[in-house]
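What follows is one structure encoded as structure tokens, with my remarks underneath.
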Amino acid sequence: MLMYSWMVWVEYAPERYDVSVKLLTGGKIDRIKNTIASRMKQGDQVLDIGCGTGSLGLKCIEHGATVTGMDISESMLKECRRNIAKAGREDRFTIIKDSVTNLKKHFAPSSLDVIVSTMVVGELSKPYLEHIFRECHEILKPGGKMLIADEVWPEGRVSRVLFRVVMTLMWVPQFAILRRAFFPVKDLKGVIEAAGFEITEKKTWPMSTFQLIEGVKRHV
Amino acid sequence: MFEWITTKLYETFHVFFRHFNFPCALGLRRIGNPDANSPVFLSGNYTLTVHRLMKVLAPFDCYLLVANSKGSNVWCAAGMNEYNEYDVIDAINVTGLKDVVAGRRIIAPPYAAPGIDAEEVTRQTGFKLAWGPTHLDDLPAYIRANYRRSEPMTLAQFGFLDRMEQALSTALVYCMTLFPVAFFYPQYALISMGLIFLLHLTWFAFWDILPEERRWAKTLTHLGVSLAGLAGVAWYTRMPAEEVGLWAATLTAIVLLISLDGCGSSTIYKTTPKRWLKKGDYRSHFEPIIDPVKCTSCYDCIYVCPKGVLARLAKGPAVSVRPDQCIECLACVKACHDDAFYNTSQEWKGDVKSIAGLETIMTRDWQHLEAETRWIGAPLKFQGQTLVVDEQALAADGVRPVRTVQRRPALRNPEPKIDDANRAEASY
């Protein structure tokens with residue numbers, strides 16, 4: 001019974017996903033996605049890791065990019081296809097259903113201008129991130145950018161304690177809405193740097209644990 | 001000593017909170033001094049399971065590959081599509097397992113089979129998944145038997161200790177739900193919590209003694225005994241009538257709650273509350289039947305079935321022999337490369353999310369398979385790691401009465417199964 005009602009809940013999740021995330025982040029996620037999309041240039045080849053419902057990819061297309069979205073959740077992709085069709089962007093949005101650890105299977109080295117990702121890396125652990133960012137570095141063109149936005153552990157000691165308290169309190173509602181335990185990344189910047197990127201920007205928002213990190217692949 | 005106490009406390013905590021997600025670190029664990037020829041075992045990242053696996057596997061030199069099941073046990077995660085082939089592929093890619101071991105075999109828990117497309121893992125990584133014993137306590141015996149499973153190792157069991165853990169963890173969840181009531185009626189709430197624990201313990205402790213759940217037999221016996229106990233207490237303490245009424249109602253509510261909870265998606269039984277209320281048993285909706293023309297005799301479905309529902313013919317395809325035992329985990333449907341599964345009942349619970357185009361498979365017409373119901377109830381033997389229909393015993397039986405299966409019309413026209421949606425594909 002317990003499990004049963006739980007499962008029933010999950011069934012509705014994908015359709016509610018965008019709204020749920022907006023609620024949880026207090027509307028911040030839209031602003032972050034707009035900021036990322038505004039960095040696109042005309043004709044950019046963009047990869048959206050964990051494209052989900054495709055909202056970020058569609059925003060990038062508005063700025064002139066051509067997007068490839070990658071995700072493994074069939075229900076999310078279904079929603080994504082619907083959104084793409086609604087926006088009439090079938091010609092510029094390609095979907096690949098495969099794992100993000102298989103990037104090199106789908107992209108040749110030095111073939112992409114930009115890699116973007118929001119609210120994905122929080123679901124992955126550090127060794128996974130190291131693996132993925134290393135592959136990202138390979139498939140980007142020299143001078144190509146990687147833009148990652150996610151919840152991270154705050155750096156100050158006081159805010160860290162505060163954050164832990166809030167996380168504990170938020171755990172139940174977050175779990176109820178998203179069916180996922182989120183693990184904010186510790187030292188996201190360090191992991192991206194370790195993969196060979198040069199960090200060109202680290203943007204934070206006031207009263208928020210969100211961080212946007214821009215890394216650039218320098219010529220090797 | 002101190003370490004022993006902390007370990008026991010840690011285990012006790014996790015047993016009580018078994019219904020919650022506790023993710024642990026992913027990656028490749030080295031147990032003992034493994035080398036390139038050591039076996040690799042697969043697990044999800046549920047903390048208690050990994051802790052126990054490390055303990056059970058401690059005497060052996062081996063690797064434990066912890067893939068991301070999002071902090072749930074592999075059974076629930078697999079059904080929810082939170083532990084699928086991609087999680088295993090990810091773990092293999094990230095840990096660089098190809099360079100660590102020379103072999104290409106991973107011993108996987110059969111409880112993960114409803115979620116994992118083992119063929120896809122092999123296609124993408126070269127590693128083959130071998131389904132190990134269902135319960136991790138059987139692992140040492142499995143290893144010593146040269147990685148061969150005996151019949152009990154292939155089955156979902158529900159031993160006394162497992163049942164006690166189930167009782168405690170489930171009771172805790174209900175007590176937590178009831179907790180707010182304690183602010184208003186502390187005495188009533190506390191005694192009810194005690195009763196929740198007590199009745200969960202009696203239900204699961206006397207699981208084998210209570211009659212099997214057919215026409216509510218188990219529930220009614222449990223309720224009867226509980227009420228008799230209450231009557232005894234009431235008589236001894238000279239309880240006022242209205243109080244007896246209150247506790248009788250509370251007891252009945254808790255007994256019903258426990259029985260309804262049994263309709264959940266466990267490895268022992270899986271049905272819907274609707275069916276339980278109507279028929280009074282825990283049988284699942286799905287009743288598999290296999291198309292012998294489509295079946296290519298790979299027997300992957302038999303290897304993953306935790307209830308002995310499927311068997312193979314000595315020379316021939318897999319057949320469905322005990323569909324009444326099925327718990328609708330759909331591991332067989334997930335494992336089938338040939339789209340050979342049909343559903344005689346035309347009904348299904350629908351809690352398994354890991355199979356694309358499931359509705360079509362569950363509701364397509366199976367009229368052409370009427371003859372295949374002749375294998376239901378056939379005598380079996382365990383041979384070569386699978387159940388085999390004992391055709392000698394079958395012949396000695398003489399003419400067996402043809403088991404009649406109630407035919408229900410197919411809900412919709414058969415459509416081709418869209419299984420490509422589950423594979424890596426580029427669309428648009």
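Order determines the names: the first chain of the structure tokens is A, the second B, and so forth; residues in each chain are numbered 1 upward, and ligands are numbered 1 upward as they are shown.
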Per-residue nearest contacts of chain B to chain A (9 Å; only C-alpha atoms) as a tab-separated table:
```
residue	atom	partner	partner_atom	distance
B:Asn21	CA	A:Ala181	CA	7.9
B:Pro23	CA	A:Ala181	CA	8.6
B:Ala25	CA	A:Ser125	CA	7.5
B:Leu26	CA	A:Ser125	CA	7.0
B:Gly27	CA	A:Pro127	CA	7.7
B:Asn68	CA	A:Leu124	CA	8.6
B:Lys70	CA	A:Arg180	CA	7.3
B:Gly71	CA	A:Ala181	CA	8.1
B:Met80	CA	A:Met7	CA	7.7
B:Asn81	CA	A:Ser73	CA	8.6
B:Tyr86	CA	A:Ser99	CA	5.8
B:Asp87	CA	A:Ser99	CA	8.0
B:Ile89	CA	A:Ser99	CA	7.9
B:Asp90	CA	A:Thr101	CA	5.6
B:Ala91	CA	A:Tyr128	CA	8.2
B:Asn93	CA	A:Thr101	CA	6.6
B:Val94	CA	A:Tyr128	CA	5.9
B:Thr95	CA	A:Pro127	CA	7.9
B:Thr170	CA	A:Leu2	CA	8.9
B:Leu257	CA	A:Met1	CA	8.3
B:Ile258	CA	A:Met1	CA	8.8
B:Ser259	CA	A:Met1	CA	9.0
B:Leu260	CA	A:Met1	CA	5.9
B:Asp261	CA	A:Met1	CA	4.2
B:Gly262	CA	A:Met1	CA	7.0
B:Cys263	CA	A:Met1	CA	6.0
B:Gly264	CA	A:Met1	CA	5.0
B:Ser265	CA	A:Met3	CA	6.4
B:Ser266	CA	A:Met3	CA	8.6
B:Thr272	CA	A:Tyr4	CA	8.1
B:Pro273	CA	A:Met1	CA	7.4
B:Asp351	CA	A:Met7	CA	6.3
B:Val352	CA	A:Met7	CA	8.9
B:Lys353	CA	A:Glu11	CA	8.7
B:Ala356	CA	A:Glu74	CA	8.6
B:Ala421	CA	A:Glu74	CA	7.7
B:Asn422	CA	A:Glu74	CA	7.7
B:Arg423	CA	A:Lys97	CA	7.4
B:Ala424	CA	A:Lys97	CA	5.0
B:Glu425	CA	A:Lys97	CA	5.6
B:Ala426	CA	A:Ile96	CA	4.8
B:Ser427	CA	A:Ile95	CA	5.8
B:Tyr428	CA	A:Thr94	CA	5.8
```
DSSP-assigned strand (DSSP E or B) among region 33-133 of chain A, expressed as a PyMOL selection string:
chain A and resi 45-49+66-71+93-97+112-118
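Taking CA of Ala58 (chain B) as the reference point, CA of Thr386 (chain B) is found at 28.7 Å.
Near Leu313 (chain B), within 9 Å and counting only C-alpha atoms, sit Val319, Leu387, Val388, Val389, Asp390 and Glu391 of chain B, not including residues fewer than 6 positions from it in the same chain.
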Test item: residues at most 12 Å from Lys8 (chain B), only C-alpha atoms, excluding those fewer than 6 positions along its chain, as a PyMOL selection string
chain B and resi 1-2+14-15+48+51-52
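Across the structure, CA of Ala318 (chain B) and CA of Ala113 (chain B) are spaced 17.6 Å apart.
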Region 167-328 of chain B: which residues are alpha helix (DSSP H) by DSSP, as a VMD selection string?
chain B and resid 167 to 178 186 to 205 217 to 237 241 to 261 273 to 279 300 to 304
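Residue neighbourhood of region 118-128 of chain B, excluding near-sequence residues (fewer than 6 positions): Glu85, Ile89, Arg104, Arg105 and Ile106 of chain B, at 7 Å, using only C-alpha atoms.
Counting from CA of Asn73 (chain B), the distance to CA of Leu103 (chain A) is 28.0 Å.
Distances from B:Ala112, B:Leu136, B:Val255, B:Leu178 to Tyr83 (chain B) were compared using only C-alpha atoms, and the smallest one belongs to B:Ala112.
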With a distance cut-off of 8 Å and only C-alpha atoms, select the neighbouring residues of Ile192 (chain A), excluding the residue or stretch itself and same-chain residues fewer than 3 positions from it, and output the selection as a PDB file with N, CA and C atoms, in the first residue's frame.
```pdb
ATOM      1  N   GLU A 130      34.262  13.373 -12.969  1.00  0.00           N
ATOM      2  CA  GLU A 130      35.614  13.437 -13.523  1.00  0.00           C
ATOM      3  C   GLU A 130      35.664  12.772 -14.891  1.00  0.00           C
ATOM      4  N   PHE A 133      33.553  14.996 -17.481  1.00  0.00           N
ATOM      5  CA  PHE A 133      34.204  16.260 -17.857  1.00  0.00           C
ATOM      6  C   PHE A 133      35.452  16.007 -18.695  1.00  0.00           C
ATOM      7  N   LEU A 188      32.771  21.954  -7.307  1.00  0.00           N
ATOM      8  CA  LEU A 188      32.469  21.737  -8.718  1.00  0.00           C
ATOM      9  C   LEU A 188      33.567  22.348  -9.584  1.00  0.00           C
ATOM     10  N   LYS A 189      33.996  23.547  -9.187  1.00  0.00           N
ATOM     11  CA  LYS A 189      35.022  24.268  -9.941  1.00  0.00           C
ATOM     12  C   LYS A 189      36.302  23.433 -10.027  1.00  0.00           C
ATOM     13  N   ALA A 195      39.722  18.524 -15.082  1.00  0.00           N
ATOM     14  CA  ALA A 195      39.526  17.891 -16.386  1.00  0.00           C
ATOM     15  C   ALA A 195      40.251  18.651 -17.484  1.00  0.00           C
ATOM     16  N   GLY A 196      40.914  19.761 -17.155  1.00  0.00           N
ATOM     17  CA  GLY A 196      41.708  20.482 -18.138  1.00  0.00           C
ATOM     18  C   GLY A 196      41.103  21.798 -18.600  1.00  0.00           C
ATOM     19  N   PHE A 197      39.984  22.177 -18.018  1.00  0.00           N
ATOM     20  CA  PHE A 197      39.349  23.434 -18.420  1.00  0.00           C
ATOM     21  C   PHE A 197      39.977  24.617 -17.691  1.00  0.00           C
ATOM     22  N   ILE A 199      38.902  27.940 -15.958  1.00  0.00           N
ATOM     23  CA  ILE A 199      37.668  28.561 -15.470  1.00  0.00           C
ATOM     24  C   ILE A 199      37.685  30.042 -15.821  1.00  0.00           C
ATOM     25  N   GLY A 215      33.758  27.064 -18.177  1.00  0.00           N
ATOM     26  CA  GLY A 215      35.132  26.611 -18.416  1.00  0.00           C
ATOM     27  C   GLY A 215      35.420  26.670 -19.895  1.00  0.00           C
TER      28      GLY A 215
END
```
Leaving out Ser192 (chain B) and any residue of its chain fewer than 2 positions from it, which residues lie within 10 Å of it when counting only C-alpha atoms, given as a ChimeraX atom specification?
/B:175,178,182,186-190,194-198,247,250-251,254
Generate the output file for the selected residues, C-alpha atoms, as a compact mmCIF listing (two decimals), in the first residue's frame.
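The resulting file, selection02.txt, is reproduced below:
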```txt
# COMPACT_ATOMS: atom_id res chain seq x y z
CA CYS B 175 4.22 4.98 13.63
CA LEU B 178 0.70 8.45 13.36
CA ALA B 182 0.41 12.00 19.79
CA PRO B 186 -0.83 11.00 23.60
CA GLN B 187 -2.05 7.90 25.39
CA TYR B 188 -4.13 6.60 22.50
CA ALA B 189 -1.38 7.31 19.97
CA LEU B 190 1.36 5.65 22.00
CA GLY B 194 2.77 -0.27 20.31
CA LEU B 195 -0.04 -2.25 18.71
CA ILE B 196 1.24 -1.45 15.23
CA PHE B 197 4.62 -2.90 16.16
CA LEU B 198 3.07 -5.89 17.93
CA TRP B 247 -9.50 -0.91 20.92
CA THR B 250 -8.16 0.15 16.36
CA LEU B 251 -7.01 -3.47 16.16
CA ILE B 254 -4.30 -2.00 12.01
```
